[in-house]
$ cat coords-v3.txt   # compact mmCIF, C-alpha atoms
# COMPACT_ATOMS: atom_id res chain seq x y z
CA MET A 18 20.07 131.41 23.13
CA ILE A 19 23.53 130.49 24.24
CA ALA A 20 24.27 126.79 24.03
CA LYS A 21 25.74 125.60 27.27
CA LYS A 22 28.54 123.17 26.79
CA GLN A 23 29.09 121.02 29.80
CA LEU A 24 32.07 118.75 30.04
CA LYS A 25 31.30 115.25 31.23
CA VAL A 26 34.97 114.73 32.13
CA SER A 27 36.61 117.77 33.66
CA ALA A 28 39.21 119.76 31.73
CA ILE A 29 42.93 119.43 32.31
CA ARG A 30 45.47 122.22 32.22
CA ASN A 31 48.36 120.37 30.58
CA GLY A 32 48.48 116.88 29.21
CA THR A 33 46.79 114.66 26.66
CA VAL A 34 43.17 113.85 25.96
CA ILE A 35 42.59 110.60 24.12
CA ASP A 36 39.24 111.00 22.45
CA ARG A 37 37.07 108.80 20.26
CA ILE A 38 38.02 105.52 21.88
CA PRO A 39 35.34 102.91 21.09
CA ALA A 40 33.36 102.50 24.35
CA GLY A 41 34.35 98.85 24.76
CA GLU A 42 38.07 99.53 24.35
CA LEU A 43 38.50 101.98 27.24
CA PHE A 44 40.11 99.59 29.70
CA HIS A 45 42.16 98.00 26.94
CA VAL A 46 43.71 101.40 26.16
CA ILE A 47 44.31 102.10 29.88
CA GLU A 48 45.96 98.72 30.23
CA ILE A 49 48.22 98.88 27.20
CA LEU A 50 49.41 102.37 28.09
CA GLY A 51 50.10 101.24 31.67
CA LEU A 52 48.10 104.22 32.94
CA ALA A 53 46.66 102.41 35.93
CA LYS A 54 50.18 101.79 37.24
CA GLY A 55 51.60 105.22 36.41
CA ASN A 56 51.52 108.27 38.71
CA HIS A 57 49.89 110.75 36.33
CA GLN A 58 46.42 111.95 37.24
CA MET A 59 43.90 110.33 34.96
CA THR A 60 40.18 110.84 34.52
CA PHE A 61 38.02 108.96 32.10
CA GLY A 62 34.46 108.62 30.93
CA THR A 63 32.76 105.90 29.00
CA ASN A 64 29.51 105.34 27.12
CA LEU A 65 29.52 109.03 26.24
CA GLU A 66 27.52 110.19 23.26
CA SER A 67 29.47 110.44 20.02
CA LYS A 68 28.31 111.63 16.64
CA VAL A 69 30.89 109.46 14.93
CA LEU A 70 30.91 106.30 17.02
CA GLY A 71 27.48 106.31 18.72
CA THR A 72 29.11 105.85 22.10
CA LYS A 73 32.71 106.51 22.97
CA SER A 74 35.21 106.69 25.78
CA ILE A 75 37.60 109.46 26.63
CA ILE A 76 40.74 109.53 28.78
CA LYS A 77 42.43 112.66 30.10
CA VAL A 78 45.93 112.35 31.49
CA THR A 79 47.52 115.26 33.26
CA ASP A 80 51.10 116.27 32.39
CA LYS A 81 51.56 113.30 30.10
CA PHE A 82 52.67 113.60 26.48
CA PHE A 83 52.91 110.25 24.77
CA GLU A 84 55.94 108.96 22.90
CA GLU A 85 55.74 107.54 19.39
CA ASP A 86 55.69 103.93 20.67
CA ASP A 87 52.70 104.61 22.93
CA VAL A 88 50.87 106.36 20.10
CA ASN A 89 51.43 103.33 17.89
CA LEU A 90 50.02 101.11 20.61
CA ILE A 91 46.81 103.11 20.82
CA ALA A 92 46.42 102.76 17.06
CA LEU A 93 46.51 98.97 17.44
CA VAL A 94 43.38 98.82 19.65
CA ALA A 95 41.60 102.08 18.82
CA PRO A 96 42.74 103.21 15.37
CA ASP A 97 40.08 105.94 15.15
CA ALA A 98 41.07 107.61 18.41
CA VAL A 99 42.31 111.20 18.37
CA LEU A 100 44.98 112.62 20.65
CA ASN A 101 44.50 116.21 21.77
CA ILE A 102 47.59 117.82 23.21
CA ILE A 103 46.57 120.33 25.87
CA LYS A 104 48.65 123.30 27.03
CA GLU A 105 47.13 125.87 29.41
CA TYR A 106 43.62 124.43 28.83
CA GLN A 107 43.94 124.93 25.06
CA VAL A 108 44.13 122.23 22.42
CA VAL A 109 47.46 123.01 20.76
CA GLU A 110 47.60 119.93 18.56
CA LYS A 111 45.19 117.27 17.33
CA ARG A 112 46.89 114.07 16.35
CA LYS A 113 45.16 111.41 14.31
CA LEU A 114 46.60 107.98 14.73
CA VAL A 115 48.29 106.12 11.95
CA ILE A 116 48.32 102.33 12.04
CA PRO A 117 52.00 101.44 11.93
CA SER A 118 53.14 98.88 9.36
CA GLU A 119 55.37 97.23 11.94
CA VAL A 120 55.74 97.28 15.72
CA ARG A 121 58.91 96.29 17.56
CA GLY A 122 59.33 95.41 21.20
CA LEU A 123 55.78 96.43 22.18
CA VAL A 124 53.63 93.34 21.90
CA ARG A 125 54.15 89.81 23.14
CA CYS A 126 53.83 86.86 20.74
CA LEU A 127 51.00 84.60 21.89
CA ASN A 128 52.65 81.50 20.49
CA PRO A 129 54.24 79.83 23.55
CA ARG A 130 56.73 78.06 21.27
CA CYS A 131 57.92 81.26 19.62
CA ILE A 132 61.62 81.97 20.11
CA THR A 133 60.74 85.44 21.46
CA ASN A 134 59.21 83.79 24.53
CA HIS A 135 62.39 81.79 25.23
CA GLU A 136 65.36 84.02 24.35
CA PRO A 137 65.81 87.74 24.99
CA VAL A 138 64.64 88.72 21.50
CA LYS A 139 62.88 92.01 20.82
CA THR A 140 59.52 91.06 19.33
CA ARG A 141 58.64 92.30 15.86
CA PHE A 142 55.27 92.14 14.10
CA LYS A 143 54.01 93.12 10.70
CA ILE A 144 50.53 94.62 10.87
CA ILE A 145 47.98 93.31 8.41
CA ILE A 146 44.62 95.01 7.97
CA ILE A 147 41.76 92.56 7.40
CA LEU A 148 37.99 92.95 7.27
CA GLU A 149 37.53 92.27 10.99
CA GLY A 150 40.28 94.65 12.10
CA LEU A 151 43.98 94.07 12.50
CA VAL A 152 46.19 91.02 12.82
CA LEU A 153 49.80 91.04 13.90
CA LYS A 154 52.07 88.60 12.13
CA CYS A 155 55.16 87.61 14.11
CA HIS A 156 58.38 88.25 12.20
CA TYR A 157 59.95 85.20 13.86
CA CYS A 158 57.40 82.38 14.19
CA GLU A 159 55.09 83.76 11.43
CA LYS A 160 52.01 83.09 13.57
CA GLU A 161 49.21 85.64 13.62
CA THR A 162 47.79 87.31 16.72
CA SER A 163 44.45 89.09 16.41
CA GLN A 164 43.78 92.57 17.70
CA LYS A 165 41.53 91.40 20.52
CA ASN A 166 44.15 89.02 21.91
CA LEU A 167 46.91 91.55 21.92
CA GLN A 168 49.22 91.47 24.97
CA ILE A 169 51.49 94.37 25.67
CA ILE A 170 55.04 94.01 26.97
CA SER A 171 54.91 96.15 30.06
CA SER A 172 57.60 98.80 30.29
CA ASN A 173 56.53 99.94 33.74
CA MET B 14 74.45 87.57 2.19
CA LYS B 15 71.22 85.66 1.84
CA SER B 16 69.67 82.97 4.02
CA LEU B 17 66.74 80.63 3.51
CA ILE B 18 64.50 80.76 6.56
CA SER B 19 61.00 80.74 5.10
CA ILE B 20 59.96 79.72 1.61
CA ASN B 21 58.61 83.28 1.25
CA ASP B 22 62.20 84.57 1.34
CA PHE B 23 62.57 83.44 -2.27
CA ASN B 24 60.68 84.77 -5.25
CA LYS B 25 59.60 82.64 -8.20
CA GLU B 26 62.80 83.24 -10.19
CA GLU B 27 65.04 82.33 -7.27
CA MET B 28 63.13 79.10 -6.64
CA LEU B 29 63.39 78.16 -10.31
CA GLN B 30 67.11 78.96 -10.31
CA ILE B 31 67.66 76.55 -7.39
CA LEU B 32 65.57 73.85 -9.08
CA ASP B 33 67.64 74.28 -12.26
CA LEU B 34 70.86 73.91 -10.27
CA ALA B 35 69.40 70.80 -8.61
CA ALA B 36 68.63 69.30 -12.04
CA GLU B 37 72.25 69.84 -13.07
CA TYR B 38 73.43 68.08 -9.93
CA GLU B 39 71.12 65.19 -10.58
CA SER B 40 72.85 64.54 -13.89
CA ASN B 41 76.30 65.12 -12.34
CA PRO B 42 76.05 64.39 -8.59
CA ILE B 43 79.74 64.58 -7.63
CA HIS B 44 80.75 68.16 -7.97
CA PRO B 45 83.44 69.22 -5.44
CA ILE B 46 83.35 72.99 -5.96
CA PHE B 47 83.39 74.01 -2.28
CA LYS B 48 86.55 72.26 -1.04
CA ASP B 49 87.56 75.37 0.91
CA LYS B 50 84.20 75.73 2.67
CA LEU B 51 83.04 74.60 6.07
CA ILE B 52 79.36 74.00 6.78
CA ALA B 53 78.06 73.74 10.34
CA LEU B 54 75.13 71.34 10.76
CA MET B 55 73.49 72.38 14.02
CA PHE B 56 70.67 69.99 14.84
CA PHE B 57 69.26 71.12 18.18
CA GLU B 58 66.47 68.64 17.52
CA PRO B 59 67.14 65.16 16.19
CA SER B 60 66.44 64.42 12.52
CA THR B 61 67.71 61.52 10.48
CA ARG B 62 66.54 62.15 6.96
CA THR B 63 67.19 65.86 6.72
CA ARG B 64 70.57 65.72 8.45
CA LEU B 65 71.87 62.84 6.34
CA SER B 66 70.60 64.54 3.21
CA PHE B 67 72.52 67.73 4.09
CA GLU B 68 75.64 65.74 5.01
CA THR B 69 75.46 63.97 1.65
CA ALA B 70 74.87 67.24 -0.22
CA ALA B 71 77.82 68.92 1.54
CA THR B 72 80.10 65.93 0.89
CA ARG B 73 79.24 65.78 -2.81
CA LEU B 74 80.03 69.48 -3.10
CA GLY B 75 83.43 68.84 -1.55
CA ALA B 76 82.66 70.92 1.57
CA ARG B 77 83.70 69.85 5.04
CA PHE B 78 81.10 69.80 7.75
CA VAL B 79 81.09 69.98 11.54
CA GLY B 80 78.17 69.93 13.92
CA PHE B 81 76.01 68.02 16.30
CA ALA B 82 72.93 65.84 16.01
CA SER B 83 71.13 66.57 19.27
CA LEU B 84 70.88 69.07 22.07
CA SER B 85 72.56 66.85 24.65
CA HIS B 86 75.94 67.26 22.96
CA THR B 87 75.91 71.04 23.06
CA SER B 88 76.67 73.79 25.52
CA ILE B 89 72.97 74.74 25.29
CA ALA B 90 72.59 71.80 27.67
CA LYS B 91 74.90 73.77 30.00
CA GLY B 92 72.62 76.78 29.75
CA GLU B 93 74.24 78.69 26.87
CA SER B 94 71.83 80.86 24.90
CA LEU B 95 71.04 80.22 21.25
CA LYS B 96 72.50 83.64 20.48
CA ASP B 97 75.91 82.81 21.94
CA THR B 98 76.01 79.39 20.27
CA ILE B 99 75.20 80.84 16.84
CA LYS B 100 77.66 83.73 17.27
CA MET B 101 80.43 81.33 18.19
CA VAL B 102 79.81 78.90 15.33
CA SER B 103 79.36 81.61 12.69
CA ASN B 104 82.88 82.78 13.54
CA TYR B 105 84.35 79.83 11.71
CA ALA B 106 81.65 78.30 9.51
CA ASP B 107 80.87 79.58 6.00
CA MET B 108 77.26 78.47 6.34
CA ILE B 109 75.00 77.14 9.08
CA VAL B 110 72.30 74.55 8.54
CA MET B 111 70.10 74.42 11.62
CA ARG B 112 67.10 72.61 12.98
CA HIS B 113 65.54 73.83 16.20
CA HIS B 114 62.45 72.88 18.21
CA LEU B 115 61.26 76.50 18.66
CA ASP B 116 59.29 78.45 16.04
CA GLY B 117 61.26 81.40 14.70
CA ALA B 118 64.66 80.20 15.99
CA ALA B 119 66.14 80.17 12.48
CA ARG B 120 65.02 83.73 11.69
CA TYR B 121 66.56 84.88 14.96
CA ALA B 122 69.78 83.04 14.17
CA SER B 123 69.96 84.68 10.73
CA GLU B 124 69.92 88.08 12.42
CA ILE B 125 72.83 87.15 14.68
CA ALA B 126 75.06 85.06 12.43
CA GLY B 127 77.72 86.46 10.15
CA CYS B 128 77.12 83.71 7.58
CA PRO B 129 74.10 82.41 5.64
CA ILE B 130 71.63 80.22 7.52
CA ILE B 131 69.57 77.42 6.03
CA ASN B 132 66.52 76.55 8.08
CA ALA B 133 66.24 72.77 8.27
CA GLY B 134 63.02 73.06 10.30
CA ASP B 135 62.08 75.45 13.10
CA GLY B 136 59.44 73.89 15.34
CA ALA B 137 56.03 73.91 13.72
CA ASN B 138 56.88 76.89 11.54
CA GLN B 139 58.84 76.28 8.34
CA HIS B 140 60.85 73.57 6.62
CA PRO B 141 61.70 75.30 3.34
CA THR B 142 64.19 72.75 1.98
CA GLN B 143 61.43 70.12 2.11
CA THR B 144 59.34 72.50 0.03
CA LEU B 145 62.10 72.91 -2.53
CA LEU B 146 62.45 69.16 -2.88
CA ASP B 147 58.66 68.80 -3.14
CA MET B 148 58.66 71.38 -5.92
CA TYR B 149 61.57 69.67 -7.64
CA SER B 150 59.67 66.38 -7.49
CA ILE B 151 56.52 67.98 -8.85
CA ARG B 152 58.35 69.62 -11.73
CA LYS B 153 60.27 66.46 -12.54
CA THR B 154 57.17 64.25 -12.65
CA GLN B 155 54.87 66.76 -14.37
CA GLN B 156 57.47 68.52 -16.57
CA THR B 157 55.97 71.79 -15.33
CA LEU B 158 54.92 73.59 -12.16
CA GLU B 159 52.18 75.58 -13.88
CA ASN B 160 48.40 74.98 -13.80
CA LEU B 161 48.46 71.80 -11.69
CA SER B 162 45.67 70.26 -9.64
CA ILE B 163 47.04 69.35 -6.21
CA THR B 164 45.16 67.31 -3.63
CA MET B 165 46.58 67.70 -0.11
CA VAL B 166 45.64 65.05 2.44
CA GLY B 167 46.10 64.49 6.18
CA ASP B 168 47.15 66.97 8.84
CA LEU B 169 46.49 70.24 7.06
CA LYS B 170 46.23 72.19 10.29
CA TYR B 171 49.68 71.62 11.79
CA GLY B 172 51.55 70.22 8.78
CA ARG B 173 54.24 72.78 8.04
CA THR B 174 55.18 71.11 4.73
CA VAL B 175 51.60 71.59 3.54
CA HIS B 176 51.62 75.29 4.42
CA SER B 177 54.98 76.00 2.81
CA LEU B 178 54.19 74.04 -0.35
CA LEU B 179 50.91 75.86 -0.73
CA GLN B 180 52.71 79.21 -0.48
CA ALA B 181 55.44 78.19 -2.91
CA MET B 182 53.03 76.76 -5.50
CA SER B 183 50.91 79.92 -5.34
CA HIS B 184 53.32 81.41 -7.92
CA PHE B 185 52.29 78.79 -10.48
CA ASN B 186 48.52 79.08 -10.86
CA PRO B 187 47.52 75.86 -9.05
CA ARG B 188 44.15 74.41 -7.98
CA PHE B 189 43.93 72.80 -4.55
CA HIS B 190 41.70 70.15 -3.00
CA PHE B 191 42.11 69.82 0.75
CA VAL B 192 41.19 66.51 2.41
CA SER B 193 41.30 66.25 6.20
CA CYS B 194 39.11 65.47 9.17
CA PRO B 195 37.25 68.51 10.55
CA ASP B 196 39.74 68.88 13.42
CA LEU B 197 42.73 69.17 11.11
CA GLU B 198 41.41 71.46 8.38
CA ILE B 199 43.60 73.99 6.64
CA PRO B 200 43.79 77.12 8.87
CA GLN B 201 41.81 80.21 7.96
CA GLU B 202 44.93 82.32 7.40
CA TYR B 203 45.97 80.06 4.51
CA LYS B 204 42.48 80.19 3.02
CA ASN B 205 42.72 83.99 3.22
CA PHE B 206 46.10 83.76 1.51
CA LEU B 207 44.65 81.70 -1.36
CA ASP B 208 41.62 83.98 -1.67
CA SER B 209 43.87 87.02 -1.91
CA ARG B 210 45.61 85.43 -4.89
CA ASN B 211 42.41 84.13 -6.51
CA ILE B 212 43.61 80.55 -6.22
CA PRO B 213 40.67 78.10 -6.29
CA TYR B 214 40.35 75.38 -3.62
CA THR B 215 37.80 72.92 -2.29
CA GLN B 216 37.59 71.17 1.11
CA HIS B 217 36.60 67.56 1.84
CA HIS B 218 36.44 65.16 4.77
CA LYS B 219 37.27 61.94 2.98
CA LEU B 220 39.81 60.99 0.36
CA GLU B 221 37.54 58.92 -1.82
CA GLY B 222 36.43 60.89 -4.86
CA GLN B 223 39.23 63.46 -4.64
CA ILE B 224 41.90 61.53 -6.52
CA GLN B 225 40.60 61.43 -10.09
CA ASP B 226 41.03 65.17 -10.74
CA ALA B 227 44.54 65.33 -9.27
CA ASP B 228 47.94 65.70 -10.91
CA ILE B 229 49.63 65.48 -7.51
CA LEU B 230 48.39 63.72 -4.41
CA TYR B 231 50.34 65.16 -1.47
CA ILE B 232 49.74 62.97 1.57
CA THR B 233 50.91 63.80 5.10
CA ARG B 234 50.99 61.87 8.33
CA VAL B 235 48.19 62.38 10.84
CA GLN B 236 49.76 62.16 14.28
CA GLN B 237 47.71 60.50 16.95
CA GLU B 238 48.93 63.02 19.55
CA ARG B 239 47.09 65.80 17.67
CA PHE B 240 43.79 64.34 18.85
CA GLN B 241 42.41 64.96 22.30
CA ASP B 242 40.10 62.00 21.89
CA PRO B 243 41.87 58.79 20.76
CA MET B 244 38.51 57.41 19.57
CA GLU B 245 38.28 60.28 17.12
CA TYR B 246 41.68 59.33 15.70
CA GLU B 247 40.57 55.73 15.22
CA ARG B 248 37.42 56.95 13.51
CA VAL B 249 39.06 59.31 11.00
CA LYS B 250 42.37 57.63 10.21
CA ASN B 251 40.89 55.28 7.62
CA LEU B 252 38.97 58.05 5.88
CA MET B 253 42.33 59.55 4.90
CA ARG B 254 44.09 56.29 4.04
CA LEU B 255 45.08 55.68 0.43
CA GLU B 256 44.49 52.12 -0.79
CA ALA B 257 45.76 50.78 -4.11
CA SER B 258 42.15 50.01 -5.12
CA MET B 259 41.35 53.73 -5.01
CA LEU B 260 43.76 54.44 -7.86
CA THR B 261 41.33 53.84 -10.71
CA ASN B 262 40.35 56.27 -13.48
CA THR B 263 43.16 58.57 -12.41
CA ARG B 264 45.09 60.91 -14.66
CA PRO B 265 48.04 59.18 -16.34
CA ASN B 266 50.42 61.78 -14.92
CA LEU B 267 49.18 61.39 -11.31
CA ARG B 268 52.03 61.05 -8.80
CA ILE B 269 51.79 60.45 -5.05
CA LEU B 270 54.10 62.48 -2.82
CA HIS B 271 54.67 62.21 0.93
CA PRO B 272 57.30 64.06 3.01
CA LEU B 273 57.86 60.83 5.04
CA PRO B 274 57.92 59.19 7.52
CA ARG B 275 54.82 57.29 6.49
CA VAL B 276 52.85 55.41 9.12
CA ASN B 277 49.61 53.92 7.81
CA GLU B 278 48.17 56.68 5.63
CA ILE B 279 49.41 54.97 2.45
CA ALA B 280 48.84 51.22 2.16
CA ILE B 281 52.05 49.25 1.48
CA GLU B 282 50.51 47.89 -1.77
CA VAL B 283 50.56 51.42 -3.19
CA ASP B 284 54.39 51.35 -3.10
CA ASP B 285 54.48 49.11 -6.16
CA ARG B 286 52.17 51.31 -8.21
CA PRO B 287 53.65 53.55 -10.91
CA GLU B 288 51.99 56.56 -9.26
CA ALA B 289 54.01 56.12 -6.04
CA TYR B 290 56.85 58.62 -6.02
CA TYR B 291 57.63 59.21 -2.30
CA PHE B 292 60.91 57.32 -2.16
CA GLU B 293 62.33 59.04 -5.26
CA GLN B 294 61.05 62.27 -3.78
CA ALA B 295 63.28 61.79 -0.73
CA LYS B 296 66.26 61.15 -3.01
CA ASN B 297 65.63 64.48 -4.75
CA GLY B 298 66.34 66.14 -1.40
CA VAL B 299 70.08 65.73 -1.87
CA TYR B 300 70.07 67.44 -5.30
CA THR B 301 67.90 70.35 -4.19
CA ARG B 302 70.03 70.88 -1.07
CA MET B 303 73.16 70.89 -3.27
CA GLY B 304 71.43 73.45 -5.48
CA LEU B 305 70.48 75.56 -2.48
CA ILE B 306 73.95 75.46 -0.88
CA THR B 307 75.47 76.50 -4.22
CA TYR B 308 72.99 79.32 -4.71
CA LEU B 309 73.52 80.77 -1.22
CA MET B 310 77.33 80.34 -1.23
CA ASN B 311 77.51 82.31 -4.49
CA GLN B 312 75.40 85.24 -3.24

$ encode --input "coords-v3.txt" --output "structure tokens"
Amino acid sequence: MIAKKQLKVSAIRNGTVIDRIPAGELFHVIEILGLAKGNHQMTFGTNLESKVLGTKSIIKVTDKFFEEDDVNLIALVAPDAVLNIIKEYQVVEKRKLVIPSEVRGLVRCLNPRCITNHEPVKTRFKIIIILEGLVLKCHYCEKETSQKNLQIISSN
Amino acid sequence: MKSLISINDFNKEEMLQILDLAAEYESNPIHPIFKDKLIALMFFEPSTRTRLSFETAATRLGARFVGFASLSHTSIAKGESLKDTIKMVSNYADMIVMRHHLDGAARYASEIAGCPIINAGDGANQHPTQTLLDMYSIRKTQQTLENLSITMVGDLKYGRTVHSLLQAMSHFNPRFHFVSCPDLEIPQEYKNFLDSRNIPYTQHHKLEGQIQDADILYITRVQQERFQDPMEYERVKNLMRLEASMLTNTRPNLRILHPLPRVNEIAIEVDDRPEAYYFEQAKNGVYTRMGLITYLMNQ
């Protein structure tokens, strides 16, 4: 018997598939990557079955290949996600995400009295891994921002 | 070139080196070794004690100083950025001492300036020279910094001196007792910090009963404006207040420290007790700042 594999989210010819996003983090990933505002075709599915996660989300973006900064951002909210680089319908590269030790200029400090919210300073955070996930410690004001409160500095 | 922005910028050896220098200055306070140096004292936020202490330290070291004591006398009031102000001043000063109302301003300045920066308080974040003088006072009164039992009282949530002292003392195997009202408890991130270093601590909601085990009683001011409900402030303020009658069966080496200003958290009668050390503590600020200026100038 031939197993019939049916794709829940249709294939793309060229671009990137972000797989293994925890189901609840789908819109967070879309938001931080600015995908809703961009002009690349995007399809996504959520609450899909996953052997690893139970349920997962997936995003497929046509003709988009993410830069290092974007990849780091995904790692902040969905560290177990996998990036599949697609060329001519084939997966040519599978990229696992690495949680960066530091992020610069990507995330806003949530402390309203932090100098980065008052002067044109590029933000800088050290990433600390704790039991509940990640926290970002501001290099300037030394306050910590948790993963779930993360706010991205929009580049779009 | 080294700056002091956060107490974590110094390791244990560096802190001890500064305290040793401070002890030398205490026995020989007039020491004009920096006659050719100019120190800029940039106080974007008013401060009496810290600024006068730095002015005294600079004068005793023979250095000249320039600067301002509040924002209204600066071109920031005309809309100049902090970056431009720091760049301009670091062109002619050998060192900048700055206090600023925003968290992280001193770290930012240290990345712009071409000279060392001493953080004399950045918003609610750090006030590392207070920590050095607290440590100096602890070492002087206890003859050691190691293995001490420290009871911290008052605003443990927002009190930056509490947070910095806790971090600095973590190098010396301390035990902590934290006394505050529930609204002003020590933040979780500092409890995580202590846990990660296996430093024991206990938490309490009233001062009574937490004095007898202490070598150091570190009391801080509870500001009324921290409370949303003024009734709550009235209710808790006396639970944290130290009365002279509470100083019974204490350790003979117990000393009471307070970063000042004091409001009503220590009864005036305590001032005459041998355990009271807060006024001498303030005096130690000049020696430690002399030690710090010397250390950073020689880097």

$ interface_residues --input "coords-v3.txt" --of "chain A" --to "chain B" --cutoff "10 Å" --atoms "only C-alpha atoms" --output "NGL selection string"
:A and (128-139 or 147 or 155-161)

$ write_last_selection --input "coords-v3.txt" --atoms "C-alpha atoms" --output "PDB file, in the frame of the given file"
ATOM      1  CA  ASN A 128      52.650  81.500  20.490  1.00  0.00           C
ATOM      2  CA  PRO A 129      54.240  79.830  23.550  1.00  0.00           C
ATOM      3  CA  ARG A 130      56.730  78.060  21.270  1.00  0.00           C
ATOM      4  CA  CYS A 131      57.920  81.260  19.620  1.00  0.00           C
ATOM      5  CA  ILE A 132      61.620  81.970  20.110  1.00  0.00           C
ATOM      6  CA  THR A 133      60.740  85.440  21.460  1.00  0.00           C
ATOM      7  CA  ASN A 134      59.210  83.790  24.530  1.00  0.00           C
ATOM      8  CA  HIS A 135      62.390  81.790  25.230  1.00  0.00           C
ATOM      9  CA  GLU A 136      65.360  84.020  24.350  1.00  0.00           C
ATOM     10  CA  PRO A 137      65.810  87.740  24.990  1.00  0.00           C
ATOM     11  CA  VAL A 138      64.640  88.720  21.500  1.00  0.00           C
ATOM     12  CA  LYS A 139      62.880  92.010  20.820  1.00  0.00           C
ATOM     13  CA  ILE A 147      41.760  92.560   7.400  1.00  0.00           C
ATOM     14  CA  CYS A 155      55.160  87.610  14.110  1.00  0.00           C
ATOM     15  CA  HIS A 156      58.380  88.250  12.200  1.00  0.00           C
ATOM     16  CA  TYR A 157      59.950  85.200  13.860  1.00  0.00           C
ATOM     17  CA  CYS A 158      57.400  82.380  14.190  1.00  0.00           C
ATOM     18  CA  GLU A 159      55.090  83.760  11.430  1.00  0.00           C
ATOM     19  CA  LYS A 160      52.010  83.090  13.570  1.00  0.00           C
ATOM     20  CA  GLU A 161      49.210  85.640  13.620  1.00  0.00           C
TER      21      GLU A 161
END

$ atom_distance --input "coords-v3.txt" --atom1 "CA of Phe191 in chain B" --atom2 "CA of Lys219 in chain B"
9.5 Å

$ atom_distance --input "coords-v3.txt" --atom1 "CA of Arg64 in chain B" --atom2 "CA of Val110 in chain B"
9.0 Å

$ closest_residue --input "coords-v3.txt" --among "B:Glu37, B:Ile130, B:Gln155, B:Ile306" --to "Thr72 in chain B" --atoms "only C-alpha atoms"
B:Ile306

$ closest_residue --input "coords-v3.txt" --among "A:Lys165, A:Arg141, A:Lys73, A:Lys104" --to "Pro117 in chain A" --atoms "all atoms listed in the file"
A:Arg141

$ closest_residue --input "coords-v3.txt" --among "A:Val109, A:Ile38, A:Ile49, A:Val94" --to "Gly62 in chain A" --atoms "only C-alpha atoms"
A:Ile38

$ decode --input "coords-v3.txt" --residues "range 196-234 of chain B" --atoms "C-alpha atoms" --output "PDB file, in the first residue's frame"
ATOM      1  CA  ASP B 196       4.666  45.071  48.362  1.00  0.00           C
ATOM      2  CA  LEU B 197       8.364  45.862  48.565  1.00  0.00           C
ATOM      3  CA  GLU B 198       9.925  42.401  48.695  1.00  0.00           C
ATOM      4  CA  ILE B 199      13.239  41.626  47.065  1.00  0.00           C
ATOM      5  CA  PRO B 200      12.589  40.955  43.331  1.00  0.00           C
ATOM      6  CA  GLN B 201      12.639  37.415  42.013  1.00  0.00           C
ATOM      7  CA  GLU B 202      15.664  38.050  39.786  1.00  0.00           C
ATOM      8  CA  TYR B 203      17.813  38.742  42.860  1.00  0.00           C
ATOM      9  CA  LYS B 204      16.511  35.628  44.589  1.00  0.00           C
ATOM     10  CA  ASN B 205      17.473  33.676  41.458  1.00  0.00           C
ATOM     11  CA  PHE B 206      20.888  35.317  41.615  1.00  0.00           C
ATOM     12  CA  LEU B 207      21.388  34.217  45.242  1.00  0.00           C
ATOM     13  CA  ASP B 208      20.109  30.718  44.516  1.00  0.00           C
ATOM     14  CA  SER B 209      22.547  30.367  41.633  1.00  0.00           C
ATOM     15  CA  ARG B 210      25.398  31.102  44.043  1.00  0.00           C
ATOM     16  CA  ASN B 211      24.037  28.951  46.878  1.00  0.00           C
ATOM     17  CA  ILE B 212      23.761  31.973  49.154  1.00  0.00           C
ATOM     18  CA  PRO B 213      21.214  31.371  51.946  1.00  0.00           C
ATOM     19  CA  TYR B 214      18.483  33.942  52.657  1.00  0.00           C
ATOM     20  CA  THR B 215      15.224  34.249  54.568  1.00  0.00           C
ATOM     21  CA  GLN B 216      12.295  36.670  54.084  1.00  0.00           C
ATOM     22  CA  HIS B 217      10.233  38.424  56.768  1.00  0.00           C
ATOM     23  CA  HIS B 218       7.497  41.041  57.039  1.00  0.00           C
ATOM     24  CA  LYS B 219       8.514  42.656  60.309  1.00  0.00           C
ATOM     25  CA  LEU B 220      11.809  43.722  61.773  1.00  0.00           C
ATOM     26  CA  GLU B 221      11.274  42.393  65.259  1.00  0.00           C
ATOM     27  CA  GLY B 222      13.112  39.113  65.750  1.00  0.00           C
ATOM     28  CA  GLN B 223      15.491  39.626  62.815  1.00  0.00           C
ATOM     29  CA  ILE B 224      18.129  41.691  64.601  1.00  0.00           C
ATOM     30  CA  GLN B 225      19.693  39.240  67.051  1.00  0.00           C
ATOM     31  CA  ASP B 226      21.355  37.070  64.379  1.00  0.00           C
ATOM     32  CA  ALA B 227      22.757  40.022  62.419  1.00  0.00           C
ATOM     33  CA  ASP B 228      26.294  41.358  62.071  1.00  0.00           C
ATOM     34  CA  ILE B 229      25.027  44.167  59.851  1.00  0.00           C
ATOM     35  CA  LEU B 230      21.604  45.772  59.845  1.00  0.00           C
ATOM     36  CA  TYR B 231      21.248  47.594  56.523  1.00  0.00           C
ATOM     37  CA  ILE B 232      18.197  49.844  56.691  1.00  0.00           C
ATOM     38  CA  THR B 233      16.752  51.759  53.735  1.00  0.00           C
ATOM     39  CA  ARG B 234      14.093  54.407  53.409  1.00  0.00           C
TER      40      ARG B 234
END
